[in-house]
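**Student:** Dumping the structure here so I can ask a few things about it.
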Amino acid sequence: MKLNMAEEEDYMSDSFINVQQDIRPGLPMLRQIREARRKEEKQQEANLKNRQKSLKEEEQERRDIGLKNALGCENKGFALLQKMGYKSGQALGKSGEGIVEPIPLNVKTGKSGLGHEALLKRKAEEKLESYRRKIHMKNQAEETAAEQFRLRFKHKHDEVKLEGDLRRSQRACQQLDTQKNIPFPREAWYWLGLEEETEEEEEEEKEPDEDEYKSEDISVLEKLQILTGYLREEHLYCIWCGTAYEDKEDLSSNCPGPTSADHD
């Protein structure tokens, strides 16, 4: 008895008091988390082992086992086939062109009525077709909007180009008329900047006549056509060539044409 007590260590001894414990922060919490996770996994394994299969699962297992096994001689239908000369693994039919395996069995386990699956399939197809139509219409709308934007941008670009050509023609007309000592343009808008001054003076002197038309009534394209025609006839000048020709024959021979498109 004394020997056993001597072998046991005193709980007040240095071996108990001076034990160095691991006091790193967060370590006890990590241990608790690992322990809780281990217990949870064991509990889940025990639940899976002890869980009783439902009636449907048992029926499904028995059905799968029965369908995997080939028909034997105890089956009446198979026995009749054997009497007529059928052998296991042989295709049906007189010349052996029929099926080898029996028609698969599709067991209906749901509560829906007959034709419900076909109805669901049809509805899904209709929904998919409706979605495709919406996507197609959306793509068409986006393409139409993009095409309209391109047309508006091109139209705006053409307008800016026409206005630039008209200003060039007006400057050239004013310069060439001045060189020929022509004091006034044939029309006020033939010269750049003169049209506004002329309109202001006319408004101060008299009231506008309804039969008279202003230059605003003429489009930019029409002004450009009229003015370039005047420059070609009067001064033998083409704004797109940037050249004053010697005579009409020289103009018709060397100038591609009276429009901007002819010079592209």
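The way I read the labels, and the way they are meant: chains A, B, ... in the order of the structure tokens, residue 1 as the first residue of every chain, and ligand 1 as the first ligand shown, with later ones counted on from there.
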Find the spatial neighbours of Glu249 (chain A), counting only C-alpha atoms, within a cut-off of 10 Å - ignore same-chain residues fewer than 5 positions away - and output them as a list in words.

**Tutor:**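 Skipping anything fewer than 5 positions along the chain leaves Leu236, Asn254 and Cys255 of chain A.
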
**Student:** List the spatial neighbours of Cys238 (chain A) as number ranges by chain - criterion: any atom at most 10 Å away, only C-alpha atoms, same-chain residues fewer than 3 positions off excluded.

**Tutor:** A: 169, 172, 228-229, 231-233, 235, 241-245, 251, 255-259

**Student:** Using DSSP on the backbone, list every residue of region 38-256 of chain A that comes out as helix (DSSP H, G or I), and give them as a PyMOL selection string.

**Tutor:** chain A and resi 38-50+55-68+76-83+116-179+188-190+194-205+215-217+220-234+248-254

**Student:** Find the residues around Val107 (chain A) up to 10 Å (only C-alpha atoms counted), leave out those fewer than 3 positions away in its own chain, and share them as a PDB file with all heavy atoms, in the first residue's frame.

**Tutor:**
ATOM      1  N   GLN A  60     -38.563   0.180 -55.288  1.00  0.00           N
ATOM      2  CA  GLN A  60     -37.661   0.519 -56.386  1.00  0.00           C
ATOM      3  C   GLN A  60     -36.476  -0.436 -56.432  1.00  0.00           C
ATOM      4  O   GLN A  60     -36.065  -0.887 -57.514  1.00  0.00           O
ATOM      5  CB  GLN A  60     -37.168   1.972 -56.215  1.00  0.00           C
ATOM      6  CG  GLN A  60     -36.247   2.459 -57.315  1.00  0.00           C
ATOM      7  CD  GLN A  60     -36.954   2.582 -58.646  1.00  0.00           C
ATOM      8  OE1 GLN A  60     -38.142   2.880 -58.689  1.00  0.00           O
ATOM      9  NE2 GLN A  60     -36.236   2.338 -59.730  1.00  0.00           N
ATOM     10  N   ARG A  63     -37.671  -3.776 -57.718  1.00  0.00           N
ATOM     11  CA  ARG A  63     -37.966  -3.677 -59.152  1.00  0.00           C
ATOM     12  C   ARG A  63     -36.687  -3.670 -59.972  1.00  0.00           C
ATOM     13  O   ARG A  63     -36.586  -4.332 -61.017  1.00  0.00           O
ATOM     14  CB  ARG A  63     -38.783  -2.404 -59.413  1.00  0.00           C
ATOM     15  CG  ARG A  63     -39.316  -2.305 -60.840  1.00  0.00           C
ATOM     16  CD  ARG A  63     -40.042  -0.992 -61.062  1.00  0.00           C
ATOM     17  NE  ARG A  63     -41.104  -0.810 -60.086  1.00  0.00           N
ATOM     18  CZ  ARG A  63     -41.125   0.153 -59.175  1.00  0.00           C
ATOM     19  NH1 ARG A  63     -40.118   1.010 -59.087  1.00  0.00           N
ATOM     20  NH2 ARG A  63     -42.134   0.279 -58.332  1.00  0.00           N
ATOM     21  N   PRO A 104     -38.498  -1.844 -72.308  1.00  0.00           N
ATOM     22  CA  PRO A 104     -38.251  -1.377 -70.930  1.00  0.00           C
ATOM     23  C   PRO A 104     -39.546  -0.978 -70.238  1.00  0.00           C
ATOM     24  O   PRO A 104     -40.494  -0.492 -70.863  1.00  0.00           O
ATOM     25  CB  PRO A 104     -37.315  -0.179 -71.107  1.00  0.00           C
ATOM     26  CG  PRO A 104     -37.539   0.269 -72.513  1.00  0.00           C
ATOM     27  CD  PRO A 104     -37.868  -0.963 -73.299  1.00  0.00           C
ATOM     28  N   GLY A 110     -45.566   8.996 -59.750  1.00  0.00           N
ATOM     29  CA  GLY A 110     -46.186  10.249 -59.322  1.00  0.00           C
ATOM     30  C   GLY A 110     -47.698  10.128 -59.195  1.00  0.00           C
ATOM     31  O   GLY A 110     -48.300   9.092 -59.502  1.00  0.00           O
TER      32      GLY A 110
END

**Student:** Which residues are close to region 72-83 of chain A, i.e. within 12 Å by only C-alpha atoms, leaving aside same-chain residues fewer than 5 positions away? Reply as a short mmCIF file (atom, residue, chain, number, x, y, z; two decimals) with N, CA and C atoms, in the first residue's frame.

**Tutor:**
data_model
loop_
_atom_site.label_atom_id
_atom_site.label_comp_id
_atom_site.auth_asym_id
_atom_site.auth_seq_id
_atom_site.Cartn_x
_atom_site.Cartn_y
_atom_site.Cartn_z
N GLY A 66 -35.25 -7.15 -60.07
CA GLY A 66 -36.01 -8.02 -60.94
C GLY A 66 -35.79 -7.73 -62.42
N SER A 88 -32.33 -18.14 -75.87
CA SER A 88 -31.96 -16.95 -75.09
C SER A 88 -30.89 -16.14 -75.83
N GLY A 89 -31.10 -14.83 -75.93
CA GLY A 89 -30.18 -13.95 -76.64
C GLY A 89 -30.47 -13.80 -78.11
N GLN A 90 -31.49 -14.50 -78.62
CA GLN A 90 -31.84 -14.45 -80.03
C GLN A 90 -32.87 -13.33 -80.26
N ALA A 91 -32.77 -12.68 -81.42
CA ALA A 91 -33.71 -11.62 -81.76
C ALA A 91 -35.05 -12.22 -82.17
N LEU A 92 -36.13 -11.50 -81.93
CA LEU A 92 -37.47 -11.96 -82.29
C LEU A 92 -37.67 -11.86 -83.80
N GLY A 93 -38.69 -12.54 -84.27
CA GLY A 93 -39.02 -12.49 -85.69
C GLY A 93 -38.59 -13.75 -86.42
N PRO A 102 -36.20 -7.10 -73.93
CA PRO A 102 -37.63 -6.76 -73.77
C PRO A 102 -37.85 -5.24 -73.74
#

**Student:** For a quick check of understanding, using only C-alpha atoms, which of A:Gln225, A:Glu126, A:Glu59, A:Trp191 has the smallest distance to Thr178 (chain A)?

**Tutor:**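 Closest to Thr178 (chain A), using only C-alpha atoms: A:Trp191.
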